[in-house]
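Below is one structure, written out as structure tokens; comments come after it.
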Amino acid sequence: MKKWEENIRRVVPYTPGEQPDIPGMIKLNTNENPYPPAPGVRRALREMKEESFRLYPDPACSVLTEALARRYNRPKEQFFAGVGSDDVLAMAFLTFFNSKRPILFPDITYSFYPVWAELFGIPYERPALDEEFRIVKEDYERENGGIIFPNPNAPTGLYMELAEVEDIIRKNPDVIVIVDEAYVDFAGPSAIELVDRYDNLLVVQTFSKSRSMAGMRIGFAVGNPCLIRYLNDVKYSFNSYTMSRAALELGAEAVKDEAYFQKNIKKLTATRERTKKELKALGFRFPDSGANFIFASHESCPAKEIFEALRRRQIYVRYFDAPRLHNYLRITVGTDDEMDALLKALKEITAR
């Protein structure tokens, strides 16, 4: 080791999903939406003025937070925007999780949580999901320095009913509870409706999944104005110009078209439900996903073998070589044609 290496911060980084770029491939590994964003987004991009590239963006992200406020019928002071929900969540970890007590998040969950905790020196504990991969809400009644969990959870796809989410929040009034709702639009009611009841609740969502804008990196948080002010204080101390003008303008445009948004959600959830039935017929089992992916295991064919066989066919799904997960594949819901091709390949692979 060289002398200068002694003071370098060392972390085990988050491992993002593979991003292959092969003509004709079927990409079902990173939970992107297979359909285009709202038509107004493309129109706004075509009409974008040179100022959107030449001038600094608004640090307050007003055009986006005001559009979100109109969509959710809430004061704009309750909204915070960032470069994807990862940016928003990282700012939230840095802002709210500063106790000497450990924060709590599930043992099987979004794998960025332990990375941020390690990076920021935050102690943490990971209550285990039960045998059916469900969060055991009673495990979150212990002393802690904050709580975060996705709903639906990832990579399991299981949605926790809002009454159970509220139980966790209500029993932890002295710490911040973050509900990470990257996939909630495919599942059920959002915890946003609880924000006015609990001043310690922060709800985080993204444009990457249901709004088909993963490439633009847009995320937001909803909470009481005090929490949002604290988040902005940290943001302005870190990087005030986090979002590009283009992302802000296009994000605001995406929020306007509610009819297109709902149509897209219905189309994807219908494909998801059909795919579940056909996977069951092929011998797969899985938690009842409320997301835009299915977390599936085959009764006799190992997940790693299926993963590699699909890859040879240029069909990409996600495989996690980790305890309790090593025999599961996370399969993004694509178009009907993509899922038909996947199912055809799976029938051939599992019949061997």
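Lettering and numbering for the structure tokens are positional, with chains as A, B, ... in the shown order, residues counted from 1 in each chain, and ligands counted from 1 in the shown order.
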
Exercise for the section: Please provide the set of residues having any atom within 9 Å of Glu18 of chain A, restricted to only C-alpha atoms, with same-chain residues fewer than 5 positions apart removed, written as a ChimeraX atom specification. Expected result: /A:29-30,316,318

Selected residues, N, CA and C atoms, written as a compact mmCIF listing (two decimals), in the first residue's frame, please.
# COMPACT_ATOMS: atom_id res chain seq x y z
N ASN A 29 -33.80 -6.90 -17.27
CA ASN A 29 -32.96 -7.05 -16.08
C ASN A 29 -32.87 -5.83 -15.17
N THR A 30 -33.36 -4.68 -15.60
CA THR A 30 -33.20 -3.48 -14.75
C THR A 30 -34.51 -2.71 -14.55
N TYR A 316 -32.02 -11.00 -21.25
CA TYR A 316 -31.33 -10.62 -20.02
C TYR A 316 -32.32 -10.44 -18.87
N ARG A 318 -32.26 -10.58 -14.22
CA ARG A 318 -31.32 -10.30 -13.12
C ARG A 318 -31.20 -11.52 -12.21

Exercise for the section: Step one, run DSSP on the backbone; step two, keep only residues of segment 38-152 of chain A assigned to alpha helix (DSSP H); then write them as an MDAnalysis selection string. Expected result: chainID A and resid 39:46 51:54 62:72 84:96 112:119

Write a file of the selected residues as a PDB file, in the first residue's frame, keeping C-alpha atoms.
ATOM      1  CA  PRO A  39     -46.102  12.108 -25.942  1.00  0.00           C
ATOM      2  CA  GLY A  40     -45.698  15.604 -24.486  1.00  0.00           C
ATOM      3  CA  VAL A  41     -42.187  14.702 -23.360  1.00  0.00           C
ATOM      4  CA  ARG A  42     -40.992  14.077 -26.913  1.00  0.00           C
ATOM      5  CA  ARG A  43     -42.734  17.253 -28.099  1.00  0.00           C
ATOM      6  CA  ALA A  44     -41.127  19.322 -25.328  1.00  0.00           C
ATOM      7  CA  LEU A  45     -37.718  17.881 -26.198  1.00  0.00           C
ATOM      8  CA  ARG A  46     -38.121  18.865 -29.851  1.00  0.00           C
ATOM      9  CA  GLU A  51     -31.235  28.234 -22.862  1.00  0.00           C
ATOM     10  CA  SER A  52     -32.103  24.802 -21.486  1.00  0.00           C
ATOM     11  CA  PHE A  53     -28.522  23.765 -22.232  1.00  0.00           C
ATOM     12  CA  ARG A  54     -26.642  27.071 -21.862  1.00  0.00           C
ATOM     13  CA  SER A  62     -39.609  24.783  -9.189  1.00  0.00           C
ATOM     14  CA  VAL A  63     -41.043  23.824 -12.585  1.00  0.00           C
ATOM     15  CA  LEU A  64     -41.005  20.172 -11.504  1.00  0.00           C
ATOM     16  CA  THR A  65     -42.065  20.536  -7.872  1.00  0.00           C
ATOM     17  CA  GLU A  66     -44.935  22.809  -8.924  1.00  0.00           C
ATOM     18  CA  ALA A  67     -46.101  20.229 -11.491  1.00  0.00           C
ATOM     19  CA  LEU A  68     -45.930  17.521  -8.830  1.00  0.00           C
ATOM     20  CA  ALA A  69     -47.815  19.720  -6.382  1.00  0.00           C
ATOM     21  CA  ARG A  70     -50.627  20.165  -8.914  1.00  0.00           C
ATOM     22  CA  ARG A  71     -50.734  16.456  -9.705  1.00  0.00           C
ATOM     23  CA  TYR A  72     -50.935  15.407  -6.040  1.00  0.00           C
ATOM     24  CA  GLY A  84     -33.326   9.890  -9.647  1.00  0.00           C
ATOM     25  CA  SER A  85     -34.638   8.487  -6.392  1.00  0.00           C
ATOM     26  CA  ASP A  86     -31.095   7.293  -5.593  1.00  0.00           C
ATOM     27  CA  ASP A  87     -29.968  10.906  -5.262  1.00  0.00           C
ATOM     28  CA  VAL A  88     -33.015  11.746  -3.146  1.00  0.00           C
ATOM     29  CA  LEU A  89     -32.472   8.725  -0.886  1.00  0.00           C
ATOM     30  CA  ALA A  90     -28.758   9.438  -0.471  1.00  0.00           C
ATOM     31  CA  MET A  91     -29.591  13.009   0.588  1.00  0.00           C
ATOM     32  CA  ALA A  92     -32.180  11.629   3.022  1.00  0.00           C
ATOM     33  CA  PHE A  93     -29.650   9.217   4.577  1.00  0.00           C
ATOM     34  CA  LEU A  94     -27.185  12.077   4.972  1.00  0.00           C
ATOM     35  CA  THR A  95     -29.804  14.431   6.397  1.00  0.00           C
ATOM     36  CA  PHE A  96     -31.889  12.293   8.739  1.00  0.00           C
ATOM     37  CA  PHE A 112     -28.039   0.475  -2.103  1.00  0.00           C
ATOM     38  CA  TYR A 113     -29.200   0.908   1.522  1.00  0.00           C
ATOM     39  CA  PRO A 114     -26.200  -0.802   3.161  1.00  0.00           C
ATOM     40  CA  VAL A 115     -23.866   0.963   0.717  1.00  0.00           C
ATOM     41  CA  TRP A 116     -25.082   4.406   1.815  1.00  0.00           C
ATOM     42  CA  ALA A 117     -25.027   3.380   5.470  1.00  0.00           C
ATOM     43  CA  GLU A 118     -21.404   2.240   5.168  1.00  0.00           C
ATOM     44  CA  LEU A 119     -20.404   5.284   3.118  1.00  0.00           C
TER      45      LEU A 119
END

Exercise for the section: Extract, using only C-alpha atoms, all DNA, RNA and protein residues at most 9 Å from segment 125-142 of chain A, discarding same-chain residues fewer than 4 positions from it, and format them as a ChimeraX atom specification. Expected result: /A:102-108,147,149,153,156,158-160,164-165,167-168,171-172,287

Exercise for the section: For Met213 of chain A, work out the shell of residues within 9 Å, counting only C-alpha atoms and skipping chain neighbours fewer than 2 positions away, then give it as an MDAnalysis selection string. Expected result: chainID A and resid 32:33 36:37 206:211 215:218 251 254

Handout entry: Residue among A:Asn224, A:Lys280, A:Ser111, A:Ala247 lying closest to Thr15 of chain A, counting only C-alpha atoms
Key =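 Selected residue with least distance to Thr15 of chain A: A:Ser111.
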
Practice task
Find the spatial neighbours of Phe220 of chain A, counting only C-alpha atoms, within a cut-off of 6 Å - ignore same-chain residues fewer than 4 positions away - and output them as a ChimeraX atom specification.
Solution key: /A:80-82,204-205

Exercise for the section: Fewer than 6 positions away in the same chain doesn't count, so skip those; otherwise give me all residues within 7 Å of segment 239-243 of chain A, counting only C-alpha atoms, as a count of residues only. Expected result: 4

Handout entry: Per-residue DSSP, segment 89-323 of chain A, filtered to strand (DSSP E or B), as a VMD selection string
Key = chain A and resid 103 to 104 124 to 125 147 to 150 177 to 180 201 to 206 219 to 223 284 to 285 293 to 298 315 to 316 318 to 319

Exercise for the section: Kindly indicate which residue among A:Ala154, A:Ile22, A:Ile169, A:Met1 lies nearest to Ala182 of chain A, using only C-alpha atoms for the distances. Expected result: A:Ala154

Exercise for the section: Pick out the closest residue to Gly223 of chain A from this set: A:Arg9, A:Arg312, A:Arg74, A:Lys277. Count only C-alpha atoms. Expected result: A:Arg74

Problem - Long-range neighbours of Ile228 of chain A as a list in words, 9 Å cut-off, only C-alpha atoms, 3 positions minimum in chain - result: Glu77, Gln78, Phe79, Phe80, Leu202, Ala221, Val222, Gly223, Asn224, Pro225, Leu231, Asn232 and Asp233 of chain A

Okay, now the selection with N, CA and C atoms, as a PDB file, in the first residue's frame?
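Printed below is result-v3.pdb as written:
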ATOM      1  N   GLU A  77     -44.261  23.170  -1.199  1.00  0.00           N
ATOM      2  CA  GLU A  77     -43.285  23.098  -0.104  1.00  0.00           C
ATOM      3  C   GLU A  77     -43.131  21.678   0.453  1.00  0.00           C
ATOM      4  N   GLN A  78     -44.017  20.774   0.051  1.00  0.00           N
ATOM      5  CA  GLN A  78     -43.921  19.390   0.508  1.00  0.00           C
ATOM      6  C   GLN A  78     -43.083  18.519  -0.432  1.00  0.00           C
ATOM      7  N   PHE A  79     -42.498  19.112  -1.491  1.00  0.00           N
ATOM      8  CA  PHE A  79     -41.808  18.323  -2.505  1.00  0.00           C
ATOM      9  C   PHE A  79     -40.328  18.685  -2.603  1.00  0.00           C
ATOM     10  N   PHE A  80     -39.530  17.659  -2.819  1.00  0.00           N
ATOM     11  CA  PHE A  80     -38.086  17.787  -3.038  1.00  0.00           C
ATOM     12  C   PHE A  80     -37.752  16.947  -4.253  1.00  0.00           C
ATOM     13  N   LEU A 202     -41.257  10.449   5.294  1.00  0.00           N
ATOM     14  CA  LEU A 202     -40.785  10.908   3.991  1.00  0.00           C
ATOM     15  C   LEU A 202     -41.070   9.801   2.982  1.00  0.00           C
ATOM     16  N   ALA A 221     -39.217  13.461  -3.410  1.00  0.00           N
ATOM     17  CA  ALA A 221     -39.675  13.084  -2.080  1.00  0.00           C
ATOM     18  C   ALA A 221     -40.850  13.963  -1.703  1.00  0.00           C
ATOM     19  N   VAL A 222     -41.735  13.408  -0.880  1.00  0.00           N
ATOM     20  CA  VAL A 222     -42.873  14.151  -0.339  1.00  0.00           C
ATOM     21  C   VAL A 222     -42.832  14.018   1.176  1.00  0.00           C
ATOM     22  N   GLY A 223     -42.920  15.143   1.857  1.00  0.00           N
ATOM     23  CA  GLY A 223     -42.918  15.135   3.317  1.00  0.00           C
ATOM     24  C   GLY A 223     -43.409  16.468   3.831  1.00  0.00           C
ATOM     25  N   ASN A 224     -43.463  16.623   5.142  1.00  0.00           N
ATOM     26  CA  ASN A 224     -43.896  17.916   5.652  1.00  0.00           C
ATOM     27  C   ASN A 224     -42.834  18.962   5.320  1.00  0.00           C
ATOM     28  N   PRO A 225     -43.218  20.223   5.202  1.00  0.00           N
ATOM     29  CA  PRO A 225     -42.280  21.260   4.752  1.00  0.00           C
ATOM     30  C   PRO A 225     -41.004  21.358   5.585  1.00  0.00           C
ATOM     31  N   LEU A 231     -33.822  18.784   3.969  1.00  0.00           N
ATOM     32  CA  LEU A 231     -33.230  18.137   2.793  1.00  0.00           C
ATOM     33  C   LEU A 231     -32.562  19.166   1.881  1.00  0.00           C
ATOM     34  N   ASN A 232     -33.227  20.284   1.666  1.00  0.00           N
ATOM     35  CA  ASN A 232     -32.648  21.317   0.807  1.00  0.00           C
ATOM     36  C   ASN A 232     -31.385  21.912   1.413  1.00  0.00           C
ATOM     37  N   ASP A 233     -31.348  22.050   2.733  1.00  0.00           N
ATOM     38  CA  ASP A 233     -30.135  22.567   3.378  1.00  0.00           C
ATOM     39  C   ASP A 233     -28.934  21.678   3.064  1.00  0.00           C
TER      40      ASP A 233
END
